Each structure stands twice: as C-alpha cells, then as structure tokens.
Protein chains: 4
Amino acid sequence: MGEGRLPDYIPELSKLNPNKLGIAVAGVDGAVLTAGDADESFSIQSISKVFTLTMALGKVGDILWRRVGREPSGTAFDSIIQLEHNRGIPHNPFINAGAIVVTDTVLAGHQPREAIGEILRFTRFLAGDDTIAIDPAVARSESEFGYRNRALANYMRAFRNLDHPVEHVLGVYFHQCALAMNCRQLAKAGLFLANGGAIPSPFSRVVSNKRARRINSLLLTCGQYDGSGDFAFRVGLPAKSGVGGGILAVVPGIASIAVWSPALNAQGNSLVGTHVLEQLVSQSNWSIF
Amino acid sequence: MGEGRLPDYIPELSKLNPNKLGIAVAGVDGAVLTAGDADESFSIQSISKVFTLTMALGKVGDILWRRVGREPSGTAFDSIIQLEHNRGIPHNPFINAGAIVVTDTVLAGHQPREAIGEILRFTRFLAGDDTIAIDPAVARSESEFGYRNRALANYMRAFRNLDHPVEHVLGVYFHQCALAMNCRQLAKAGLFLANGGAIPSPFSRVVSNKRARRINSLLLTCGQYDGSGDFAFRVGLPAKSGVGGGILAVVPGIASIAVWSPALNAQGNSLVGTHVLEQLVSQSNWSIF
Amino acid sequence: MGEGRLPDYIPELSKLNPNKLGIAVAGVDGAVLTAGDADESFSIQSISKVFTLTMALGKVGDILWRRVGREPSGTAFDSIIQLEHNRGIPHNPFINAGAIVVTDTVLAGHQPREAIGEILRFTRFLAGDDTIAIDPAVARSESEFGYRNRALANYMRAFRNLDHPVEHVLGVYFHQCALAMNCRQLAKAGLFLANGGAIPSPFSRVVSNKRARRINSLLLTCGQYDGSGDFAFRVGLPAKSGVGGGILAVVPGIASIAVWSPALNAQGNSLVGTHVLEQLVSQSNWSIF
Amino acid sequence: MGEGRLPDYIPELSKLNPNKLGIAVAGVDGAVLTAGDADESFSIQSISKVFTLTMALGKVGDILWRRVGREPSGTAFDSIIQLEHNRGIPHNPFINAGAIVVTDTVLAGHQPREAIGEILRFTRFLAGDDTIAIDPAVARSESEFGYRNRALANYMRAFRNLDHPVEHVLGVYFHQCALAMNCRQLAKAGLFLANGGAIPSPFSRVVSNKRARRINSLLLTCGQYDGSGDFAFRVGLPAKSGVGGGILAVVPGIASIAVWSPALNAQGNSLVGTHVLEQLVSQSNWSIF
C-alpha cells in the first residue's frame, strides 16, 4: 500500500495520511458492513458529481444532454483540448468541464448559497444522515488554486454553455467537491443506484429504474476519467472516483460499496481502493459482466 | 427505418439494401430464436475483432496489453491522432489500429494464408457451423481502398508495434473483416461470452470465466467506437458493431444477440440495429445496469 | 471591397462601417504620406502587442523567452489546445496567450492603472503624438465578453506562467487592445522598427538594431496568426494585424506602413488591407524576399 | 561543436562523423567562396524539397496550392495529426507530407525512374554541375525504414490528395532525398533564389522574380520545421535544412549559402550549421529584417 501519490494541486488534500483504508458495503436489504477507517470523514470530491447529475436530471431531464455528451473522453479529467474540438460541449458529466455544466443546471437561477444548501440537503437525504457537512477549508483551498476549472468554465461560457456567472457556478462547484463523508455515509448515499432508483428503507423513489440504469452506464464508461476502461476491465462495476481517495461502486440489485484510501494512481483514482474492489468483486462474482 | 447511411468507403458494402433487418437470439440453454432476415449472410467487418482478440489472448495472454490499451478512444474508429500522442500504442483492441495489432499477434510468425485459415476455423468452431466463409470480393475491395488502414499500420510499424510486414498483417486483417455470416451464426459464435467463456452445447471451454468477463467489459466501453458511451446509455449491453450493419450483443448469463440492418448512424454503427436492441433490452430487463 | 466580415465577438467593433479604407506610409526620412481615411481613429487591438512586446523586452530582456516561444502556432489566435501540449507556454508573443504573458511582464508588480498609463505613454512617445487615447467603451466591451481570454489566462496561471492576478493582467490587456489610433499615428509609432530600432526625427533609440530585426522576424513568422505564412507569401513584409481592421507593416530601412479597413478575412486579418499591401509591395519592390 | 545528435531513424546517416563542417557562399556576381569540408558530398535530404517545389510550380503553377498549404505547421516534420484535422491537406510544402504531394505533382503521370531522372537533371542544371548523383544506399535505407512516410502517403491517398500509387510517389521521394551534393554544388544550385529567379552565369531564368520571392517567403516561414520561427529570429534568412546536416540559405540580391555539419538540434536542423549562419549574418548585416 501507499505506492500511489497524494494530489498536490489541492493543498488541503496533500496533507492526508496515505495509509488510511476504509470500506463500507450497503446491501439493498438494508444491512451495512464496514471495515477499517469506514467512519472517518474524507473529501468526496468528484464523487459529488453523481449526486449533482441526479439532481440536474431531475430538474431538466434529458434536455441536459444537449449541453453535455455521454462519451468517454479519452483524455485526463481536466483536459481543455476536447472542449475546443467540440465547441464548448464536454464529453460527459464526470469530467470537470461536464460537471461544471451540470452544476450550472443545478443553480437554475438561484444564488450559489441556495444551490449549495440544496446539494447538501439532497446528499443528506440520500444517505439518511443529517450530520453530513461541507468542509469550508477544502472549499477555500479549491477556489484559491482552481485556475484550471476557471479556465474550463470561462471557455464554456465563451461558447454560451454556461447560463450563470462563472464565479457563481464555480462557487457551487468547489463547495460540492468539498462535501465530507465517511464510507458508511457514502455507501448509503449511493444505494439508490443499486436498488433500481429507490432508497430501500424507508422506501423512497429518487429516480426511475431506467434513469438509475442509465446513470450506472455513465459511471461504467466515464466514472474513472481516462482510467475508466481499465477499471471496467479489472473491477467490472459502475463506479465514481474522487481525488480525495474515495470510490463509490454500484452492484446493481445487490449493494453499493464505498472505499477510501488517499494515495492515487496515475489517472487520479485511489490506488489501493481499486485493488480492494478488484479483490472483492473477484471473490463475490459481483461483476456485471 | 433507413434514415442512416451505407458506408461509402468500401464499395462492396455500399450496394446493400438498407431496408434489410434480421435478428437472432441464442440462449445459454441452447435455444436460438430468429426473425426477419436472420439467415441472410452479411459482412461482419469489425465484429471479427471480437474473435481475433479472443485468439490473440489465447496465444500471448495479458502480454498483449503492453501493445494495445484498454481505454475508450474518444475519437473515430480510424483516427490516427491518438497514435501520435501515444507513440504507436492504440487505445483499445476494437478501434482499427488496435485490431491491426491484435491481428499481428494472431499471425505469430505464420504466413497470411495460414492465419486466415486459422481465423476461419476458429469462427466456424465458435458458431458450430462449417459453412461460414470469407467473401473474397469484399476482401479485395477492402484491400484496394484500405489507405487509412495502411497509414495506421505503417505508422505503428514506425514505432515497432507491428512484428510482421505491413502487407502481411493487412492481408489477414482485410480477410477477417470480410467474414460473411448470418445473424444465426453470429449469435451462436458469440454465445461463449454470455456463458462464462464456454460454448454450452456440446460443452467446450473457449476462455476462462474471468477472461470472458473482461472481454465483455471491453465490448461495453469500446465496442461501438466513439458511440460506445451512448450505446451503453441506451442499450446497456456489451456489444460490437461492424460497418456491414451487424451488431453482436452479450447478455451475461442469459443469451447472445445478433442483429443486422445495413444503414449506419454517424458513428458507423447500425442505426436500426441499435434501436431494435434498445427496445428488446427495455422490454426484457436484460440491461447489465 | 467589403467581402470580409466584421468581428462579432467584440460588440463595439461589429458596428463599424466595413467600407472604410485608410493608409499611411512613414518613411525613415521623416516624410509621411496618407490617403483615404488615414486620419480616422480605430481600435488597434492586437497591433498593440508589438508595443508591449517592445516594452517587455526592455524590462526583462531575453529572459522573456523562457515564458513564451518564438514559433508560429499553426492554430487560430485564441486556441487553447497548444497551451495544454506545451504546459502553459504559448507558442509566440502575438497569439492572445503569448500577449497576455507579455502584459504580465509589463505589469512588473505595479497596479493595472499604472501599467495602462505606461503603455499609453510609450505608444504616444513612439508616435510622437500625445493625443493618442484609449477608448473606454471598447475596453469595457472586451472585458465583458472576454471569456476566452479569461480561460487562457487562468490556464496559464495554473501552470504558474502568470505572476499577477488574472483580472489585473486582463485589465491591462483589454485596455491596451482598446488603444485608438489613426493610420498616421500608427505608421509613425512603428517607424522605429523600419529604422534599425530608433525613431528618426528627433532621433531617439528605442531598441538595438539587433532587437529591431528580431521583432521584425517575429512579425513575419507570427504576426498574422494562422495566416502568417500566406501573408508572407503574398505581401512579404513583417506586419501585425488587429481585429479592428488595422495592419502595421515594416519595410526595413525604408518605411513603416499602416492600413485600415474593418472587414476581416477568415484568419481575422483585414481583407482589403492585405490586398492593398500586396499591391503596394508588388509595385514598389519592397518585399524583403 | 558536436553537442547535437545524428539522426537514428535513417541508418545510413547515423554513421557520419559529427565533427565535419563545410561552408560555401555563392555570390550573384558569380564568385564562390568555400571553407572547411565544402567539397565533401553529403545527403541533402529535405533540402531537395526546394528543387522539387520549384519543378512542381513550373508544371502546374499556383494550382498546387489547392493541394498543399502555405502555413507553418507548429508541429514536427513528420507529424500526422494536422493531416487528420485538415482532411489530407498538408500545412506547407516543406514538411514531409507536403513534400510528398509536391513529388506526386512532379511525377505527372510518368514512371518513377523518369521522374527521378528529371529531378537529377534539374538539380545538375541549377548547380551547373553534371557530377551530382543520387546515393542508392541512402535511398534504399530510407525506403527500408520509411514507415512514417508510408503512413503519411497512404493517409493522404485516402483523402485523394495523391494521384499516383503510393509506392511510386515514395520511390521518387526517397531518391530525391538521397541526392548527394557538396556545399559548393548546393550553394550554386540555390543561387537562382538569391538572384531574382535566374541563374546569373551563364544567365538562365528558372522562375519569375515574383515566384523566387514567394519561394523565399516559404523558406523563411516553414523551412526549418517547427524551428522556423527560432531560425528566423536568430539568423533572419530564408533557408531549408535537411537531416543530413545541410542548410541552404538565401540572401536576396546578394548570395546563397550552403553549410554542412551533421549533428542536429532538437528540431532536426544542423546545430553547428545554424550557429555558423547566425554568426555570419550578424557580422555581414545580411539579415533580411
């Protein structure tokens, strides 16, 4: 363990102990199994893109796909090259540019503070846990060093693919990335995707069965940036990673899994977390393939 | 139907009737259901890449992945741009460049004629049908107009990522693409991928369960060129398309499906074939997500 | 005349009369010939990059070339693609990204207001004309719609290739682009480049003879964005264009020429202005080749 | 001297003594000055592109520019990326792809052997020296390892930007690159470009004055691949380099210069040759700027 690297472009995240490892498995039957540092909070970062995508689809439906694609990008998470080729339309909602468009949709004319509150409430609702919070130090750190995201947002604004002021959109974006959750909370928050779109207990429908499957397909093809193909090959589950070291994986019909280990591989995904998921799936026959 | 376009860069394929439509579903229980033009032969084109990939992995195992990646490309099937960025290593085995490397591996020091014979025998074995043949007119047509593939092959040769003479590799490649099969044969040939790596009846193991799952994962993330994400979103099955209008899809544990309709969408995949699969999966709950 | 198009991304410039045409030729002997609308002010836009490059080289010398290249870009003036390939180092000082780095160098720790004043004073000094001013409406318009330039600046800041806050640098940049000059003033302001680096009358050295030649070489290879090769082929003079329709050309040892006509060709350079220069050079044997 | 590197992708050229250095200056008055290894033959490689471009323009005139651009490429000499973006139209006649199109034009329906003979005769005529020959070992070596050029040629053929069979065009191309000349011969062969398009003695017009100037402009903007801007900045003369270590430079109205030193800089141009030209121009005031 610990062969990977901590991210150096978000100072708050570079201070973490790379040897941490936690896991939580939430079954659709309501049971939650945990191990290791499963109750320690970490910054979920890009995993938040799953929740805001769910919110945006709820607000505008499939019209969203006019502004963001559904294809793997073949490039790094913060690449700006494909935006020029595609005239401001990001490849998918899980690279940074795409997630910023999704956040713009969530804003929907409100003030940043209101949108941040709405995202926080939605995440708490999904996890059934009102103690989830946003880490303001991480949000500040992201904002202070967020030049690449500012470049992406301004670039899309030039193509009129952002409706709100750049700093409003990024203000919300940096705060959603700074959501602090532990593995237990995260596994529970993703359970609706394993359960046909509904929180099992107490039962509450979040999205339709069809939409849940579609979000899962996007997680499978685009959820690990330019390491998505390799992750599908090795693990075989829809999943979203974050540079905070977390991964949220979905076993359709069975369970959702959250792992956390801070050191990252070359694609920016948790090195040990990926290994753990690979082992778990290999022993459980949980691969969707 | 028929809103799509026939491919114009392979003259033999541009003469097809765009209104043809056939489908065959081969269950792991041995049953085969067919409808429409399911017994009419067509050129399977890139679907052959599934069979040669299986052969290459059998010959050299995971060493193959040193020469070809496992990531969606984000670009068209015959793009040469990413080859320059990645110094001759194709993104995945299902874009043309990657499939040419796979064919180079299948050659393994033999003469083109021998390798072509081996591919034909393997495909007949998978389908349990010795009447499958290669269409020499299509092979000639591909060779005559195969300038882009020659560019790709020479370019990889410059990076020493081809072991055999370019014309030998392309000779085999153009012939594998010219395999003529009908939906019934194609569904049966792909059944081992739905059945954990083994032909069900008479039982014959082709690859390990793990390898079958991994091939399926590659089909899901890379099987429809730069339309793979959209196909996963809409259909939700591992599948490989060919510009002859065929699609081979895998429902793990249940069935393999072959559809054929010649008119293509903008990504070079069967327009009506994709629609039919989308409807079928939507009604059958066969999505892997 | 008037087959070209007015720029639509800077609203203030889209209102111009496309049929305007002015020309001024300033000889190293001190004579100035004018014709047409040579005394009407227009927005010099990117032509200002010549003056700020001269200032930046005066401040930091050849160290500047560690932060910006000297090669034609092969892409449009506001492309962001090559910045990703070159990790934040622009190809040359005359594309937008390079000019923004140059402006960052001119800032040199001062406040934007001071740097703007310094640029204005330097331009007045070169032209020997204290009536030259900055058009505040144009500067505001550029700032309001300057999303691409904000993207470029933030992107370079991410690679630490800007020392000052992005909005400070862009504030200066938008004002330098909004310099309003007529052909007479512009020809005089560029005369030092035709005269071995010195203003002829009253004599005042601006840069060394060697530096003047080097600036001229950059004008030749990079001065017309991705139309520089064609301009050199047709006109054969070092020159800088601006989207306001102006072109400043240098005839080494003989004269500087300013032409103005607002309608632009596909590369963003004055359509009629280029034609006029081509005719003039063809008749005068002034080509440097 | 000798800090540069010999090219490793053409085995015949990797055997050279990197410490060789020759120079020849041919004045428009007929005088030829030489120094060092000026009478030792070397492979002129890409410098031959100047002679074939002159021939092609003589055959088809400005129609050539429909098939090849006149802009610096911003990328390496053998890049294939821009060909995909520009649908088979090379940026300029001095990168490999562009030179291959030029050679296709020179072929003009003849057999490769005839075209090779015509190129040899034209070069001998320009230099006034019938002893100039093609080195068959170099031509074979280029052909044997010419995979990248085969990729470029096939790629352009796919876009119908080659009229003749790929191997015919490349056969001629590899032979023109294998022209063996010494500095004295090379300087004389380029003299017409310094003399308004005519060989001075005995007087013989090769191209019009206008065409000579235009070829010179292309040499200035595109003659040193992606080092053209830097070369113009440092040396300030139209010039063409070859990976054999030669450079042919033009001082309009005064002289042509050939230098030769085999070790190359990062852009593939003679390291010492460039230094020598920089010194010579700096002392002679021969810069065109």
# chains A, B, ... in the order shown; residues from 1 in each chain; ligands from 1
call {"tool": "residues_around", "arguments": {"residues": "Val251 in chain C", "least_positions_apart": "5", "cutoff": "8 Å", "atoms": "only C-alpha atoms", "output": "list of chain:residue names"}}
result
C:Ala194, C:Leu237, C:Pro238, C:Ser256, C:Ile257, C:Trp286, C:Ser287, C:Ile288
call {"tool": "write_last_selection", "arguments": {"atoms": "C-alpha atoms", "output": "JSON list (two decimals), in the first residue's frame"}}
result
[["chain", "number", "residue", "atom", "x", "y", "z"],
["C", 194, "ALA", "CA", 11.97, 50.13, -40.04],
["C", 237, "LEU", "CA", 6.73, 42.16, -45.14],
["C", 238, "PRO", "CA", 6.88, 41.87, -41.34],
["C", 256, "SER", "CA", 6.53, 51.71, -41.99],
["C", 257, "ILE", "CA", 3.02, 51.37, -43.36],
["C", 286, "TRP", "CA", 9.61, 46.49, -51.15],
["C", 287, "SER", "CA", 9.32, 42.76, -50.41],
["C", 288, "ILE", "CA", 12.10, 41.65, -48.08]]
call {"tool": "residues_around", "arguments": {"residues": "Val50 in chain D", "least_positions_apart": "5", "cutoff": "9 Å", "atoms": "only C-alpha atoms", "output": "list in words"}}
result
Met55, Pro93, Phe94, Gly190, Ile215, Leu219 and Lys240 of chain D
call {"tool": "select_by_dssp", "arguments": {"residues": "range 10-181 of chain B", "states": "strand (DSSP E or B)", "output": "MDAnalysis selection string"}}
result
chainID B and resid 22:27 32:36 42:43 133:134 179:181
call {"tool": "write_last_selection", "arguments": {"atoms": "N, CA, C and O atoms", "output": "short mmCIF file (atom, residue, chain, number, x, y, z; two decimals), in the first residue's frame"}}
result
data_model
loop_
_atom_site.label_atom_id
_atom_site.label_comp_id
_atom_site.auth_asym_id
_atom_site.auth_seq_id
_atom_site.Cartn_x
_atom_site.Cartn_y
_atom_site.Cartn_z
N GLY B 22 -32.52 -8.30 -39.71
CA GLY B 22 -32.57 -9.65 -39.17
C GLY B 22 -32.14 -9.65 -37.72
O GLY B 22 -31.42 -8.75 -37.27
N ILE B 23 -32.59 -10.63 -36.98
CA ILE B 23 -32.19 -10.75 -35.58
C ILE B 23 -32.17 -12.22 -35.19
O ILE B 23 -32.99 -13.03 -35.66
N ALA B 24 -31.21 -12.59 -34.35
CA ALA B 24 -31.16 -13.94 -33.78
C ALA B 24 -30.75 -13.83 -32.33
O ALA B 24 -29.86 -13.04 -31.99
N VAL B 25 -31.43 -14.57 -31.48
CA VAL B 25 -31.10 -14.61 -30.05
C VAL B 25 -30.75 -16.06 -29.69
O VAL B 25 -31.58 -16.95 -29.87
N ALA B 26 -29.49 -16.25 -29.23
CA ALA B 26 -29.06 -17.59 -28.84
C ALA B 26 -28.98 -17.65 -27.32
O ALA B 26 -28.21 -16.91 -26.71
N GLY B 27 -29.81 -18.49 -26.71
CA GLY B 27 -29.81 -18.61 -25.26
C GLY B 27 -28.72 -19.55 -24.77
O GLY B 27 -28.28 -20.45 -25.51
N VAL B 32 -32.28 -21.08 -30.09
CA VAL B 32 -31.98 -19.95 -30.94
C VAL B 32 -33.27 -19.45 -31.57
O VAL B 32 -33.97 -20.21 -32.24
N LEU B 33 -33.60 -18.21 -31.29
CA LEU B 33 -34.79 -17.60 -31.89
C LEU B 33 -34.34 -16.64 -32.98
O LEU B 33 -33.36 -15.92 -32.80
N THR B 34 -35.06 -16.64 -34.08
CA THR B 34 -34.69 -15.72 -35.17
C THR B 34 -35.91 -15.01 -35.70
O THR B 34 -37.05 -15.45 -35.51
N ALA B 35 -35.66 -13.89 -36.38
CA ALA B 35 -36.74 -13.15 -37.03
C ALA B 35 -36.16 -12.37 -38.20
O ALA B 35 -34.96 -12.08 -38.23
N GLY B 36 -37.01 -12.04 -39.17
CA GLY B 36 -36.59 -11.24 -40.32
C GLY B 36 -35.53 -11.94 -41.14
O GLY B 36 -35.55 -13.15 -41.35
N PHE B 42 -24.12 -11.55 -44.24
CA PHE B 42 -23.63 -10.18 -44.45
C PHE B 42 -22.16 -10.15 -44.01
O PHE B 42 -21.66 -11.09 -43.40
N SER B 43 -21.51 -9.06 -44.31
CA SER B 43 -20.09 -8.92 -43.97
C SER B 43 -19.99 -8.48 -42.51
O SER B 43 -20.48 -7.41 -42.15
N ALA B 133 -17.88 -18.66 -44.40
CA ALA B 133 -16.80 -18.43 -45.37
C ALA B 133 -16.41 -16.96 -45.41
O ALA B 133 -17.07 -16.10 -44.81
N ILE B 134 -15.33 -16.70 -46.09
CA ILE B 134 -14.87 -15.34 -46.29
C ILE B 134 -15.25 -14.91 -47.70
O ILE B 134 -15.09 -15.69 -48.65
N LEU B 179 -15.32 -11.75 -43.37
CA LEU B 179 -16.09 -12.92 -42.96
C LEU B 179 -17.58 -12.66 -43.21
O LEU B 179 -18.11 -11.62 -42.80
N ALA B 180 -18.22 -13.60 -43.89
CA ALA B 180 -19.66 -13.48 -44.17
C ALA B 180 -20.42 -14.43 -43.25
O ALA B 180 -20.14 -15.62 -43.22
N MET B 181 -21.34 -13.88 -42.48
CA MET B 181 -22.11 -14.70 -41.55
C MET B 181 -23.54 -14.16 -41.53
O MET B 181 -23.79 -13.01 -41.85
#
call {"tool": "interface_residues", "arguments": {"of": "chain B", "to": "chain D", "cutoff": "9 Å", "atoms": "only C-alpha atoms", "output": "list of chain:residue names"}}
result
B:Ser79, B:Ile80, B:Ile81, B:Gln82, B:Glu84, B:His85, B:Phe145, B:Gly146, B:Tyr147, B:Arg148, B:Asn149, B:Arg150, B:Ala151, B:Leu152, B:Ala153, B:Asn154, B:Tyr155, B:Met156, B:Arg157, B:Ala158, B:Phe159
call {"tool": "residues_around", "arguments": {"residues": "Gly245 in chain D", "least_positions_apart": "5", "cutoff": "9 Å", "atoms": "only C-alpha atoms", "output": "PyMOL selection string"}}
result
chain D and resi 6+42-45+259-264+268-273
call {"tool": "write_last_selection", "arguments": {"atoms": "C-alpha atoms", "output": "PDB file, in the first residue's frame"}}
result
ATOM      1  CA  LEU D   6      22.915  12.289 -35.527  1.00  0.00           C
ATOM      2  CA  PHE D  42      26.573  14.674 -48.072  1.00  0.00           C
ATOM      3  CA  SER D  43      22.954  13.668 -48.322  1.00  0.00           C
ATOM      4  CA  ILE D  44      20.896  16.812 -48.893  1.00  0.00           C
ATOM      5  CA  GLN D  45      17.682  15.150 -47.712  1.00  0.00           C
ATOM      6  CA  VAL D 259      26.617  24.963 -44.722  1.00  0.00           C
ATOM      7  CA  TRP D 260      27.027  21.372 -43.610  1.00  0.00           C
ATOM      8  CA  SER D 261      27.602  19.850 -40.191  1.00  0.00           C
ATOM      9  CA  PRO D 262      25.917  16.535 -39.384  1.00  0.00           C
ATOM     10  CA  ALA D 263      24.928  16.830 -35.699  1.00  0.00           C
ATOM     11  CA  LEU D 264      21.330  18.029 -35.317  1.00  0.00           C
ATOM     12  CA  GLY D 268      16.236  18.137 -36.664  1.00  0.00           C
ATOM     13  CA  ASN D 269      18.272  21.025 -38.059  1.00  0.00           C
ATOM     14  CA  SER D 270      22.080  21.278 -38.101  1.00  0.00           C
ATOM     15  CA  LEU D 271      23.212  22.592 -34.732  1.00  0.00           C
ATOM     16  CA  VAL D 272      26.577  23.983 -35.771  1.00  0.00           C
ATOM     17  CA  GLY D 273      25.321  24.983 -39.198  1.00  0.00           C
TER      18      GLY D 273
END
call {"tool": "residues_around", "arguments": {"residues": "Pro202 in chain B", "least_positions_apart": "5", "cutoff": "12 Å", "atoms": "only C-alpha atoms", "output": "PyMOL selection string"}}
result
chain B and resi 28-30+125-128+192
call {"tool": "write_last_selection", "arguments": {"atoms": "C-alpha atoms", "output": "short mmCIF file (atom, residue, chain, number, x, y, z; two decimals), in the first residue's frame"}}
result
data_model
loop_
_atom_site.label_atom_id
_atom_site.label_comp_id
_atom_site.auth_asym_id
_atom_site.auth_seq_id
_atom_site.Cartn_x
_atom_site.Cartn_y
_atom_site.Cartn_z
CA VAL B 28 -27.28 -20.28 -22.99
CA ASP B 29 -29.83 -23.10 -22.83
CA GLY B 30 -29.17 -23.84 -26.50
CA PHE B 125 -15.81 -23.70 -34.26
CA LEU B 126 -17.39 -20.95 -32.15
CA ALA B 127 -20.53 -20.96 -34.28
CA GLY B 128 -20.59 -24.72 -34.70
CA PHE B 192 -19.46 -18.29 -25.20
#
call {"tool": "closest_residue", "arguments": {"among": "C:Ile63, C:Ser46, C:Arg121, C:Ser208", "to": "Ala239 in chain C", "atoms": "only C-alpha atoms"}}
result
C:Ser46
call {"tool": "closest_residue", "arguments": {"among": "A:Gln267, A:Gly246, A:Ser217, A:Ile116", "to": "Arg234 in chain B", "atoms": "only C-alpha atoms"}}
result
A:Ser217
call {"tool": "decode", "arguments": {"residues": "range 92-114 of chain A", "atoms": "N, CA, C and O atoms", "output": "PDB file, in the first residue's frame"}}
result
ATOM      1  N   ASN A  92     -18.619  14.315 -21.267  1.00  0.00           N
ATOM      2  CA  ASN A  92     -19.530  13.600 -20.355  1.00  0.00           C
ATOM      3  C   ASN A  92     -19.631  14.343 -19.031  1.00  0.00           C
ATOM      4  O   ASN A  92     -18.830  15.247 -18.755  1.00  0.00           O
ATOM      5  N   PRO A  93     -20.606  13.994 -18.207  1.00  0.00           N
ATOM      6  CA  PRO A  93     -20.840  14.770 -16.979  1.00  0.00           C
ATOM      7  C   PRO A  93     -19.854  14.485 -15.855  1.00  0.00           C
ATOM      8  O   PRO A  93     -19.955  15.098 -14.795  1.00  0.00           O
ATOM      9  N   PHE A  94     -18.892  13.577 -16.066  1.00  0.00           N
ATOM     10  CA  PHE A  94     -17.993  13.210 -14.969  1.00  0.00           C
ATOM     11  C   PHE A  94     -16.581  13.756 -15.118  1.00  0.00           C
ATOM     12  O   PHE A  94     -15.774  13.622 -14.209  1.00  0.00           O
ATOM     13  N   ILE A  95     -16.234  14.325 -16.282  1.00  0.00           N
ATOM     14  CA  ILE A  95     -15.005  15.114 -16.330  1.00  0.00           C
ATOM     15  C   ILE A  95     -15.338  16.490 -15.765  1.00  0.00           C
ATOM     16  O   ILE A  95     -16.506  16.880 -15.690  1.00  0.00           O
ATOM     17  N   ASN A  96     -14.330  17.239 -15.379  1.00  0.00           N
ATOM     18  CA  ASN A  96     -14.598  18.507 -14.688  1.00  0.00           C
ATOM     19  C   ASN A  96     -15.491  19.439 -15.499  1.00  0.00           C
ATOM     20  O   ASN A  96     -16.442  20.023 -14.962  1.00  0.00           O
ATOM     21  N   ALA A  97     -15.194  19.580 -16.797  1.00  0.00           N
ATOM     22  CA  ALA A  97     -15.981  20.513 -17.604  1.00  0.00           C
ATOM     23  C   ALA A  97     -17.456  20.105 -17.601  1.00  0.00           C
ATOM     24  O   ALA A  97     -18.347  20.948 -17.441  1.00  0.00           O
ATOM     25  N   GLY A  98     -17.723  18.822 -17.766  1.00  0.00           N
ATOM     26  CA  GLY A  98     -19.096  18.346 -17.774  1.00  0.00           C
ATOM     27  C   GLY A  98     -19.786  18.565 -16.433  1.00  0.00           C
ATOM     28  O   GLY A  98     -20.952  18.963 -16.367  1.00  0.00           O
ATOM     29  N   ALA A  99     -19.066  18.329 -15.365  1.00  0.00           N
ATOM     30  CA  ALA A  99     -19.652  18.514 -14.036  1.00  0.00           C
ATOM     31  C   ALA A  99     -19.957  19.979 -13.776  1.00  0.00           C
ATOM     32  O   ALA A  99     -20.915  20.314 -13.063  1.00  0.00           O
ATOM     33  N   ILE A 100     -19.159  20.867 -14.340  1.00  0.00           N
ATOM     34  CA  ILE A 100     -19.418  22.300 -14.168  1.00  0.00           C
ATOM     35  C   ILE A 100     -20.709  22.688 -14.902  1.00  0.00           C
ATOM     36  O   ILE A 100     -21.505  23.485 -14.396  1.00  0.00           O
ATOM     37  N   VAL A 101     -20.939  22.119 -16.073  1.00  0.00           N
ATOM     38  CA  VAL A 101     -22.212  22.359 -16.772  1.00  0.00           C
ATOM     39  C   VAL A 101     -23.372  21.812 -15.939  1.00  0.00           C
ATOM     40  O   VAL A 101     -24.427  22.447 -15.816  1.00  0.00           O
ATOM     41  N   VAL A 102     -23.194  20.633 -15.353  1.00  0.00           N
ATOM     42  CA  VAL A 102     -24.234  20.054 -14.510  1.00  0.00           C
ATOM     43  C   VAL A 102     -24.540  20.980 -13.333  1.00  0.00           C
ATOM     44  O   VAL A 102     -25.702  21.246 -13.006  1.00  0.00           O
ATOM     45  N   THR A 103     -23.497  21.516 -12.728  1.00  0.00           N
ATOM     46  CA  THR A 103     -23.688  22.434 -11.605  1.00  0.00           C
ATOM     47  C   THR A 103     -24.424  23.690 -12.047  1.00  0.00           C
ATOM     48  O   THR A 103     -25.283  24.222 -11.329  1.00  0.00           O
ATOM     49  N   ASP A 104     -24.101  24.172 -13.237  1.00  0.00           N
ATOM     50  CA  ASP A 104     -24.800  25.331 -13.791  1.00  0.00           C
ATOM     51  C   ASP A 104     -26.300  25.034 -13.893  1.00  0.00           C
ATOM     52  O   ASP A 104     -27.142  25.896 -13.634  1.00  0.00           O
ATOM     53  N   THR A 105     -26.628  23.804 -14.262  1.00  0.00           N
ATOM     54  CA  THR A 105     -28.035  23.399 -14.364  1.00  0.00           C
ATOM     55  C   THR A 105     -28.695  23.340 -12.995  1.00  0.00           C
ATOM     56  O   THR A 105     -29.847  23.718 -12.823  1.00  0.00           O
ATOM     57  N   VAL A 106     -27.952  22.864 -12.007  1.00  0.00           N
ATOM     58  CA  VAL A 106     -28.490  22.783 -10.643  1.00  0.00           C
ATOM     59  C   VAL A 106     -28.758  24.187 -10.090  1.00  0.00           C
ATOM     60  O   VAL A 106     -29.729  24.406  -9.369  1.00  0.00           O
ATOM     61  N   LEU A 107     -27.929  25.149 -10.460  1.00  0.00           N
ATOM     62  CA  LEU A 107     -28.103  26.526  -9.980  1.00  0.00           C
ATOM     63  C   LEU A 107     -29.490  27.061 -10.344  1.00  0.00           C
ATOM     64  O   LEU A 107     -30.186  27.636  -9.497  1.00  0.00           O
ATOM     65  N   ALA A 108     -29.854  26.876 -11.617  1.00  0.00           N
ATOM     66  CA  ALA A 108     -31.219  27.174 -12.062  1.00  0.00           C
ATOM     67  C   ALA A 108     -31.740  28.528 -11.594  1.00  0.00           C
ATOM     68  O   ALA A 108     -32.873  28.657 -11.121  1.00  0.00           O
ATOM     69  N   GLY A 109     -30.902  29.541 -11.702  1.00  0.00           N
ATOM     70  CA  GLY A 109     -31.365  30.880 -11.399  1.00  0.00           C
ATOM     71  C   GLY A 109     -31.262  31.282  -9.934  1.00  0.00           C
ATOM     72  O   GLY A 109     -31.512  32.430  -9.579  1.00  0.00           O
ATOM     73  N   HIS A 110     -30.890  30.341  -9.076  1.00  0.00           N
ATOM     74  CA  HIS A 110     -30.769  30.668  -7.660  1.00  0.00           C
ATOM     75  C   HIS A 110     -29.405  31.247  -7.328  1.00  0.00           C
ATOM     76  O   HIS A 110     -28.494  31.247  -8.154  1.00  0.00           O
ATOM     77  N   GLN A 111     -29.279  31.706  -6.094  1.00  0.00           N
ATOM     78  CA  GLN A 111     -27.989  32.165  -5.617  1.00  0.00           C
ATOM     79  C   GLN A 111     -27.126  30.960  -5.259  1.00  0.00           C
ATOM     80  O   GLN A 111     -27.645  29.903  -4.893  1.00  0.00           O
ATOM     81  N   PRO A 112     -25.800  31.102  -5.363  1.00  0.00           N
ATOM     82  CA  PRO A 112     -24.897  29.995  -5.026  1.00  0.00           C
ATOM     83  C   PRO A 112     -25.200  29.401  -3.652  1.00  0.00           C
ATOM     84  O   PRO A 112     -25.247  28.176  -3.490  1.00  0.00           O
ATOM     85  N   ARG A 113     -25.431  30.256  -2.661  1.00  0.00           N
ATOM     86  CA  ARG A 113     -25.671  29.762  -1.309  1.00  0.00           C
ATOM     87  C   ARG A 113     -26.875  28.808  -1.267  1.00  0.00           C
ATOM     88  O   ARG A 113     -26.850  27.766  -0.610  1.00  0.00           O
ATOM     89  N   GLU A 114     -27.929  29.177  -2.001  1.00  0.00           N
ATOM     90  CA  GLU A 114     -29.119  28.318  -2.031  1.00  0.00           C
ATOM     91  C   GLU A 114     -28.819  26.980  -2.699  1.00  0.00           C
ATOM     92  O   GLU A 114     -29.243  25.917  -2.244  1.00  0.00           O
TER      93      GLU A 114
END
